[in-house]
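Undergrad: This one is coords.csv, CSV, N, CA and C atoms.
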chain,number,residue,atom,x,y,z
A,151,MET,N,9.6,-77.8,-38.7
A,151,MET,CA,8.6,-78.3,-39.7
A,151,MET,C,8.4,-77.3,-40.8
A,152,VAL,N,8.6,-77.7,-42.0
A,152,VAL,CA,8.5,-76.8,-43.2
A,152,VAL,C,7.2,-77.0,-43.9
A,153,ASN,N,6.5,-75.8,-44.0
A,153,ASN,CA,5.2,-75.9,-44.7
A,153,ASN,C,5.4,-75.6,-46.2
A,154,ASP,N,4.6,-76.2,-47.0
A,154,ASP,CA,4.6,-76.0,-48.5
A,154,ASP,C,3.8,-74.8,-48.8
A,155,MET,N,4.4,-73.7,-48.9
A,155,MET,CA,3.7,-72.4,-49.2
A,155,MET,C,3.8,-72.2,-50.7
A,156,THR,N,2.7,-71.7,-51.2
A,156,THR,CA,2.6,-71.4,-52.7
A,156,THR,C,2.6,-69.9,-52.8
A,157,LEU,N,2.7,-69.4,-54.0
A,157,LEU,CA,2.7,-68.0,-54.3
A,157,LEU,C,1.4,-67.4,-53.9
A,158,GLN,N,0.3,-68.1,-54.0
A,158,GLN,CA,-1.0,-67.6,-53.6
A,158,GLN,C,-1.0,-67.4,-52.1
A,159,ASP,N,-0.4,-68.3,-51.4
A,159,ASP,CA,-0.4,-68.2,-49.9
A,159,ASP,C,0.4,-66.9,-49.5
A,160,LEU,N,1.5,-66.7,-50.1
A,160,LEU,CA,2.3,-65.5,-49.8
A,160,LEU,C,1.5,-64.2,-50.1
A,161,GLN,N,0.8,-64.2,-51.3
A,161,GLN,CA,0.0,-63.1,-51.6
A,161,GLN,C,-1.1,-62.8,-50.7
A,162,GLN,N,-1.7,-63.9,-50.1
A,162,GLN,CA,-2.8,-63.7,-49.2
A,162,GLN,C,-2.3,-63.0,-47.9
A,163,ILE,N,-1.1,-63.2,-47.5
A,163,ILE,CA,-0.6,-62.5,-46.3
A,163,ILE,C,0.1,-61.2,-46.6
A,164,GLY,N,0.1,-60.8,-47.9
A,164,GLY,CA,0.6,-59.5,-48.3
A,164,GLY,C,2.0,-59.4,-48.8
A,165,ILE,N,2.6,-60.6,-49.0
A,165,ILE,CA,3.9,-60.6,-49.6
A,165,ILE,C,3.8,-60.8,-51.1
A,166,THR,N,4.1,-59.7,-51.8
A,166,THR,CA,4.0,-59.7,-53.2
A,166,THR,C,5.3,-59.2,-53.8
A,167,PRO,N,5.6,-59.5,-55.1
A,167,PRO,CA,6.9,-59.0,-55.6
A,167,PRO,C,7.0,-57.5,-55.5
A,168,GLU,N,5.9,-56.8,-55.6
A,168,GLU,CA,6.0,-55.3,-55.4
A,168,GLU,C,6.4,-54.9,-54.0
A,169,SER,N,5.9,-55.6,-53.0
A,169,SER,CA,6.2,-55.3,-51.6
A,169,SER,C,7.7,-55.7,-51.3
A,170,ILE,N,8.2,-56.8,-51.9
A,170,ILE,CA,9.6,-57.1,-51.7
A,170,ILE,C,10.5,-56.1,-52.3
A,171,ALA,N,10.1,-55.7,-53.6
A,171,ALA,CA,10.9,-54.6,-54.2
A,171,ALA,C,10.9,-53.3,-53.4
A,172,HIS,N,9.8,-53.0,-52.9
A,172,HIS,CA,9.7,-51.8,-52.0
A,172,HIS,C,10.6,-51.9,-50.8
A,173,ALA,N,10.6,-53.0,-50.2
A,173,ALA,CA,11.4,-53.2,-49.0
A,173,ALA,C,12.9,-53.2,-49.3
A,174,ILE,N,13.3,-53.8,-50.4
A,174,ILE,CA,14.7,-53.7,-50.8
A,174,ILE,C,15.1,-52.3,-51.1
A,175,GLY,N,14.2,-51.6,-51.9
A,175,GLY,CA,14.5,-50.2,-52.2
A,175,GLY,C,14.6,-49.3,-51.0
A,176,PHE,N,13.7,-49.5,-50.1
A,176,PHE,CA,13.7,-48.7,-48.8
A,176,PHE,C,15.0,-49.0,-48.0
A,177,GLY,N,15.4,-50.3,-47.9
A,177,GLY,CA,16.6,-50.6,-47.2
A,177,GLY,C,17.8,-50.0,-47.8
A,178,PHE,N,17.9,-50.1,-49.2
A,178,PHE,CA,19.0,-49.5,-49.9
A,178,PHE,C,19.1,-48.0,-49.6
A,179,ALA,N,17.9,-47.3,-49.6
A,179,ALA,CA,17.9,-45.8,-49.4
A,179,ALA,C,18.3,-45.5,-48.0
A,180,VAL,N,18.0,-46.3,-47.0
A,180,VAL,CA,18.4,-46.0,-45.6
A,180,VAL,C,19.9,-46.2,-45.5
A,181,VAL,N,20.4,-47.2,-46.0
A,181,VAL,CA,21.9,-47.5,-45.9
A,181,VAL,C,22.6,-46.4,-46.7
A,182,ALA,N,22.2,-46.0,-47.9
A,182,ALA,CA,22.8,-44.9,-48.6
A,182,ALA,C,22.8,-43.6,-47.9
A,183,SER,N,21.6,-43.3,-47.3
A,183,SER,CA,21.5,-42.0,-46.6
A,183,SER,C,22.4,-42.0,-45.4
A,184,PHE,N,22.5,-43.1,-44.6
A,184,PHE,CA,23.5,-43.1,-43.5
A,184,PHE,C,24.9,-43.0,-44.0
A,185,ALA,N,25.2,-43.6,-45.1
A,185,ALA,CA,26.6,-43.5,-45.6
A,185,ALA,C,26.9,-42.0,-46.0
A,186,ILE,N,26.0,-41.4,-46.7
A,186,ILE,CA,26.2,-40.0,-47.1
A,186,ILE,C,26.3,-39.1,-45.9
A,187,ALA,N,25.4,-39.3,-44.9
A,187,ALA,CA,25.5,-38.5,-43.6
A,187,ALA,C,26.8,-38.7,-42.9
A,188,GLY,N,27.3,-39.9,-42.9
A,188,GLY,CA,28.6,-40.2,-42.2
A,188,GLY,C,29.7,-39.5,-43.0
A,189,TRP,N,29.7,-39.5,-44.3
A,189,TRP,CA,30.7,-38.9,-45.1
A,189,TRP,C,30.7,-37.4,-44.9
A,190,ALA,N,29.5,-36.8,-44.8
A,190,ALA,CA,29.3,-35.4,-44.6
A,190,ALA,C,29.9,-34.9,-43.2
A,191,VAL,N,29.6,-35.7,-42.2
A,191,VAL,CA,30.1,-35.4,-40.9
A,191,VAL,C,31.6,-35.5,-40.9
A,192,GLY,N,32.2,-36.5,-41.6
A,192,GLY,CA,33.6,-36.6,-41.7
A,192,GLY,C,34.3,-35.4,-42.4
A,193,VAL,N,33.6,-34.9,-43.4
A,193,VAL,CA,34.1,-33.7,-44.1
A,193,VAL,C,34.1,-32.5,-43.2
A,194,VAL,N,33.0,-32.3,-42.5
A,194,VAL,CA,32.8,-31.2,-41.6
A,194,VAL,C,33.9,-31.2,-40.5
A,195,ILE,N,34.1,-32.4,-39.9
A,195,ILE,CA,35.1,-32.6,-38.9
A,195,ILE,C,36.5,-32.2,-39.4
A,196,SER,N,36.8,-32.7,-40.6
A,196,SER,CA,38.1,-32.4,-41.2
A,196,SER,C,38.3,-30.9,-41.5
A,197,ILE,N,37.2,-30.2,-41.9
A,197,ILE,CA,37.3,-28.8,-42.1
A,197,ILE,C,37.5,-28.0,-40.8
A,198,ILE,N,36.8,-28.5,-39.8
A,198,ILE,CA,36.9,-27.8,-38.5
A,198,ILE,C,38.3,-28.0,-37.9
A,199,ARG,N,38.9,-29.2,-38.1
A,199,ARG,CA,40.3,-29.4,-37.6
A,199,ARG,C,41.3,-28.5,-38.3
A,200,LYS,N,41.1,-28.2,-39.6
A,200,LYS,CA,42.0,-27.4,-40.3
A,200,LYS,C,42.0,-25.9,-39.9
A,201,ILE,N,40.9,-25.5,-39.3
A,201,ILE,CA,40.7,-24.1,-38.9
A,201,ILE,C,41.6,-23.7,-37.7
Can you dump the structure from the file as structure tokens?
TA:
Amino acid sequence: MVNDMTLQDLQQIGITPESIAHAIGFGFAVVASFAIAGWAVGVVISIIRKI
């Protein structure tokens, strides 16, 4: 069953455009930080193997 929710209903439960933008930004930051950490670990492993 689908309810007809309006923008005011969403704002009453705390879902605002700002909160959505914050969640998207936080998610992007988490994914980017894991990617950078993985790259750094790969570089360190390749340096250790060359020694």
Undergrad: Tell me, in Å to one decimal, how far atom CA of A:Thr166 is from atom CA of A:Phe184.
TA: 27.4 Å
Undergrad: Quote the spacing between atom CA of A:Asp159 and atom CA of A:His172 in Å to one decimal place.
TA: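 Rounded to one decimal, the two atoms are 19.4 Å apart.
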Undergrad: What is the atom CA of A:Phe176-atom CA of A:Leu160 distance in Å, reported with one decimal?
TA: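 About the pair atom CA of A:Phe176 and atom CA of A:Leu160: they are 20.3 Å apart.
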Undergrad: Taking the DSSP secondary structure from the backbone, can you list the residues of chain A that are helix (DSSP H, G or I), as a PDB file with N, CA and C atoms, keeping the file's coordinate frame?
TA:
ATOM      1  N   LEU A 157       2.700 -69.400 -54.000  1.00  0.00           N
ATOM      2  CA  LEU A 157       2.700 -68.000 -54.300  1.00  0.00           C
ATOM      3  C   LEU A 157       1.400 -67.400 -53.900  1.00  0.00           C
ATOM      4  N   GLN A 158       0.300 -68.100 -54.000  1.00  0.00           N
ATOM      5  CA  GLN A 158      -1.000 -67.600 -53.600  1.00  0.00           C
ATOM      6  C   GLN A 158      -1.000 -67.400 -52.100  1.00  0.00           C
ATOM      7  N   ASP A 159      -0.400 -68.300 -51.400  1.00  0.00           N
ATOM      8  CA  ASP A 159      -0.400 -68.200 -49.900  1.00  0.00           C
ATOM      9  C   ASP A 159       0.400 -66.900 -49.500  1.00  0.00           C
ATOM     10  N   LEU A 160       1.500 -66.700 -50.100  1.00  0.00           N
ATOM     11  CA  LEU A 160       2.300 -65.500 -49.800  1.00  0.00           C
ATOM     12  C   LEU A 160       1.500 -64.200 -50.100  1.00  0.00           C
ATOM     13  N   GLN A 161       0.800 -64.200 -51.300  1.00  0.00           N
ATOM     14  CA  GLN A 161       0.000 -63.100 -51.600  1.00  0.00           C
ATOM     15  C   GLN A 161      -1.100 -62.800 -50.700  1.00  0.00           C
ATOM     16  N   GLN A 162      -1.700 -63.900 -50.100  1.00  0.00           N
ATOM     17  CA  GLN A 162      -2.800 -63.700 -49.200  1.00  0.00           C
ATOM     18  C   GLN A 162      -2.300 -63.000 -47.900  1.00  0.00           C
ATOM     19  N   PRO A 167       5.600 -59.500 -55.100  1.00  0.00           N
ATOM     20  CA  PRO A 167       6.900 -59.000 -55.600  1.00  0.00           C
ATOM     21  C   PRO A 167       7.000 -57.500 -55.500  1.00  0.00           C
ATOM     22  N   GLU A 168       5.900 -56.800 -55.600  1.00  0.00           N
ATOM     23  CA  GLU A 168       6.000 -55.300 -55.400  1.00  0.00           C
ATOM     24  C   GLU A 168       6.400 -54.900 -54.000  1.00  0.00           C
ATOM     25  N   SER A 169       5.900 -55.600 -53.000  1.00  0.00           N
ATOM     26  CA  SER A 169       6.200 -55.300 -51.600  1.00  0.00           C
ATOM     27  C   SER A 169       7.700 -55.700 -51.300  1.00  0.00           C
ATOM     28  N   ILE A 170       8.200 -56.800 -51.900  1.00  0.00           N
ATOM     29  CA  ILE A 170       9.600 -57.100 -51.700  1.00  0.00           C
ATOM     30  C   ILE A 170      10.500 -56.100 -52.300  1.00  0.00           C
ATOM     31  N   ALA A 171      10.100 -55.700 -53.600  1.00  0.00           N
ATOM     32  CA  ALA A 171      10.900 -54.600 -54.200  1.00  0.00           C
ATOM     33  C   ALA A 171      10.900 -53.300 -53.400  1.00  0.00           C
ATOM     34  N   HIS A 172       9.800 -53.000 -52.900  1.00  0.00           N
ATOM     35  CA  HIS A 172       9.700 -51.800 -52.000  1.00  0.00           C
ATOM     36  C   HIS A 172      10.600 -51.900 -50.800  1.00  0.00           C
ATOM     37  N   ALA A 173      10.600 -53.000 -50.200  1.00  0.00           N
ATOM     38  CA  ALA A 173      11.400 -53.200 -49.000  1.00  0.00           C
ATOM     39  C   ALA A 173      12.900 -53.200 -49.300  1.00  0.00           C
ATOM     40  N   ILE A 174      13.300 -53.800 -50.400  1.00  0.00           N
ATOM     41  CA  ILE A 174      14.700 -53.700 -50.800  1.00  0.00           C
ATOM     42  C   ILE A 174      15.100 -52.300 -51.100  1.00  0.00           C
ATOM     43  N   GLY A 175      14.200 -51.600 -51.900  1.00  0.00           N
ATOM     44  CA  GLY A 175      14.500 -50.200 -52.200  1.00  0.00           C
ATOM     45  C   GLY A 175      14.600 -49.300 -51.000  1.00  0.00           C
ATOM     46  N   PHE A 176      13.700 -49.500 -50.100  1.00  0.00           N
ATOM     47  CA  PHE A 176      13.700 -48.700 -48.800  1.00  0.00           C
ATOM     48  C   PHE A 176      15.000 -49.000 -48.000  1.00  0.00           C
ATOM     49  N   GLY A 177      15.400 -50.300 -47.900  1.00  0.00           N
ATOM     50  CA  GLY A 177      16.600 -50.600 -47.200  1.00  0.00           C
ATOM     51  C   GLY A 177      17.800 -50.000 -47.800  1.00  0.00           C
ATOM     52  N   PHE A 178      17.900 -50.100 -49.200  1.00  0.00           N
ATOM     53  CA  PHE A 178      19.000 -49.500 -49.900  1.00  0.00           C
ATOM     54  C   PHE A 178      19.100 -48.000 -49.600  1.00  0.00           C
ATOM     55  N   ALA A 179      17.900 -47.300 -49.600  1.00  0.00           N
ATOM     56  CA  ALA A 179      17.900 -45.800 -49.400  1.00  0.00           C
ATOM     57  C   ALA A 179      18.300 -45.500 -48.000  1.00  0.00           C
ATOM     58  N   VAL A 180      18.000 -46.300 -47.000  1.00  0.00           N
ATOM     59  CA  VAL A 180      18.400 -46.000 -45.600  1.00  0.00           C
ATOM     60  C   VAL A 180      19.900 -46.200 -45.500  1.00  0.00           C
ATOM     61  N   VAL A 181      20.400 -47.200 -46.000  1.00  0.00           N
ATOM     62  CA  VAL A 181      21.900 -47.500 -45.900  1.00  0.00           C
ATOM     63  C   VAL A 181      22.600 -46.400 -46.700  1.00  0.00           C
ATOM     64  N   ALA A 182      22.200 -46.000 -47.900  1.00  0.00           N
ATOM     65  CA  ALA A 182      22.800 -44.900 -48.600  1.00  0.00           C
ATOM     66  C   ALA A 182      22.800 -43.600 -47.900  1.00  0.00           C
ATOM     67  N   SER A 183      21.600 -43.300 -47.300  1.00  0.00           N
ATOM     68  CA  SER A 183      21.500 -42.000 -46.600  1.00  0.00           C
ATOM     69  C   SER A 183      22.400 -42.000 -45.400  1.00  0.00           C
ATOM     70  N   PHE A 184      22.500 -43.100 -44.600  1.00  0.00           N
ATOM     71  CA  PHE A 184      23.500 -43.100 -43.500  1.00  0.00           C
ATOM     72  C   PHE A 184      24.900 -43.000 -44.000  1.00  0.00           C
ATOM     73  N   ALA A 185      25.200 -43.600 -45.100  1.00  0.00           N
ATOM     74  CA  ALA A 185      26.600 -43.500 -45.600  1.00  0.00           C
ATOM     75  C   ALA A 185      26.900 -42.000 -46.000  1.00  0.00           C
ATOM     76  N   ILE A 186      26.000 -41.400 -46.700  1.00  0.00           N
ATOM     77  CA  ILE A 186      26.200 -40.000 -47.100  1.00  0.00           C
ATOM     78  C   ILE A 186      26.300 -39.100 -45.900  1.00  0.00           C
ATOM     79  N   ALA A 187      25.400 -39.300 -44.900  1.00  0.00           N
ATOM     80  CA  ALA A 187      25.500 -38.500 -43.600  1.00  0.00           C
ATOM     81  C   ALA A 187      26.800 -38.700 -42.900  1.00  0.00           C
ATOM     82  N   GLY A 188      27.300 -39.900 -42.900  1.00  0.00           N
ATOM     83  CA  GLY A 188      28.600 -40.200 -42.200  1.00  0.00           C
ATOM     84  C   GLY A 188      29.700 -39.500 -43.000  1.00  0.00           C
ATOM     85  N   TRP A 189      29.700 -39.500 -44.300  1.00  0.00           N
ATOM     86  CA  TRP A 189      30.700 -38.900 -45.100  1.00  0.00           C
ATOM     87  C   TRP A 189      30.700 -37.400 -44.900  1.00  0.00           C
ATOM     88  N   ALA A 190      29.500 -36.800 -44.800  1.00  0.00           N
ATOM     89  CA  ALA A 190      29.300 -35.400 -44.600  1.00  0.00           C
ATOM     90  C   ALA A 190      29.900 -34.900 -43.200  1.00  0.00           C
ATOM     91  N   VAL A 191      29.600 -35.700 -42.200  1.00  0.00           N
ATOM     92  CA  VAL A 191      30.100 -35.400 -40.900  1.00  0.00           C
ATOM     93  C   VAL A 191      31.600 -35.500 -40.900  1.00  0.00           C
ATOM     94  N   GLY A 192      32.200 -36.500 -41.600  1.00  0.00           N
ATOM     95  CA  GLY A 192      33.600 -36.600 -41.700  1.00  0.00           C
ATOM     96  C   GLY A 192      34.300 -35.400 -42.400  1.00  0.00           C
ATOM     97  N   VAL A 193      33.600 -34.900 -43.400  1.00  0.00           N
ATOM     98  CA  VAL A 193      34.100 -33.700 -44.100  1.00  0.00           C
ATOM     99  C   VAL A 193      34.100 -32.500 -43.200  1.00  0.00           C
ATOM    100  N   VAL A 194      33.000 -32.300 -42.500  1.00  0.00           N
ATOM    101  CA  VAL A 194      32.800 -31.200 -41.600  1.00  0.00           C
ATOM    102  C   VAL A 194      33.900 -31.200 -40.500  1.00  0.00           C
ATOM    103  N   ILE A 195      34.100 -32.400 -39.900  1.00  0.00           N
ATOM    104  CA  ILE A 195      35.100 -32.600 -38.900  1.00  0.00           C
ATOM    105  C   ILE A 195      36.500 -32.200 -39.400  1.00  0.00           C
ATOM    106  N   SER A 196      36.800 -32.700 -40.600  1.00  0.00           N
ATOM    107  CA  SER A 196      38.100 -32.400 -41.200  1.00  0.00           C
ATOM    108  C   SER A 196      38.300 -30.900 -41.500  1.00  0.00           C
ATOM    109  N   ILE A 197      37.200 -30.200 -41.900  1.00  0.00           N
ATOM    110  CA  ILE A 197      37.300 -28.800 -42.100  1.00  0.00           C
ATOM    111  C   ILE A 197      37.500 -28.000 -40.800  1.00  0.00           C
ATOM    112  N   ILE A 198      36.800 -28.500 -39.800  1.00  0.00           N
ATOM    113  CA  ILE A 198      36.900 -27.800 -38.500  1.00  0.00           C
ATOM    114  C   ILE A 198      38.300 -28.000 -37.900  1.00  0.00           C
ATOM    115  N   ARG A 199      38.900 -29.200 -38.100  1.00  0.00           N
ATOM    116  CA  ARG A 199      40.300 -29.400 -37.600  1.00  0.00           C
ATOM    117  C   ARG A 199      41.300 -28.500 -38.300  1.00  0.00           C
ATOM    118  N   LYS A 200      41.100 -28.200 -39.600  1.00  0.00           N
ATOM    119  CA  LYS A 200      42.000 -27.400 -40.300  1.00  0.00           C
ATOM    120  C   LYS A 200      42.000 -25.900 -39.900  1.00  0.00           C
TER     121      LYS A 200
END
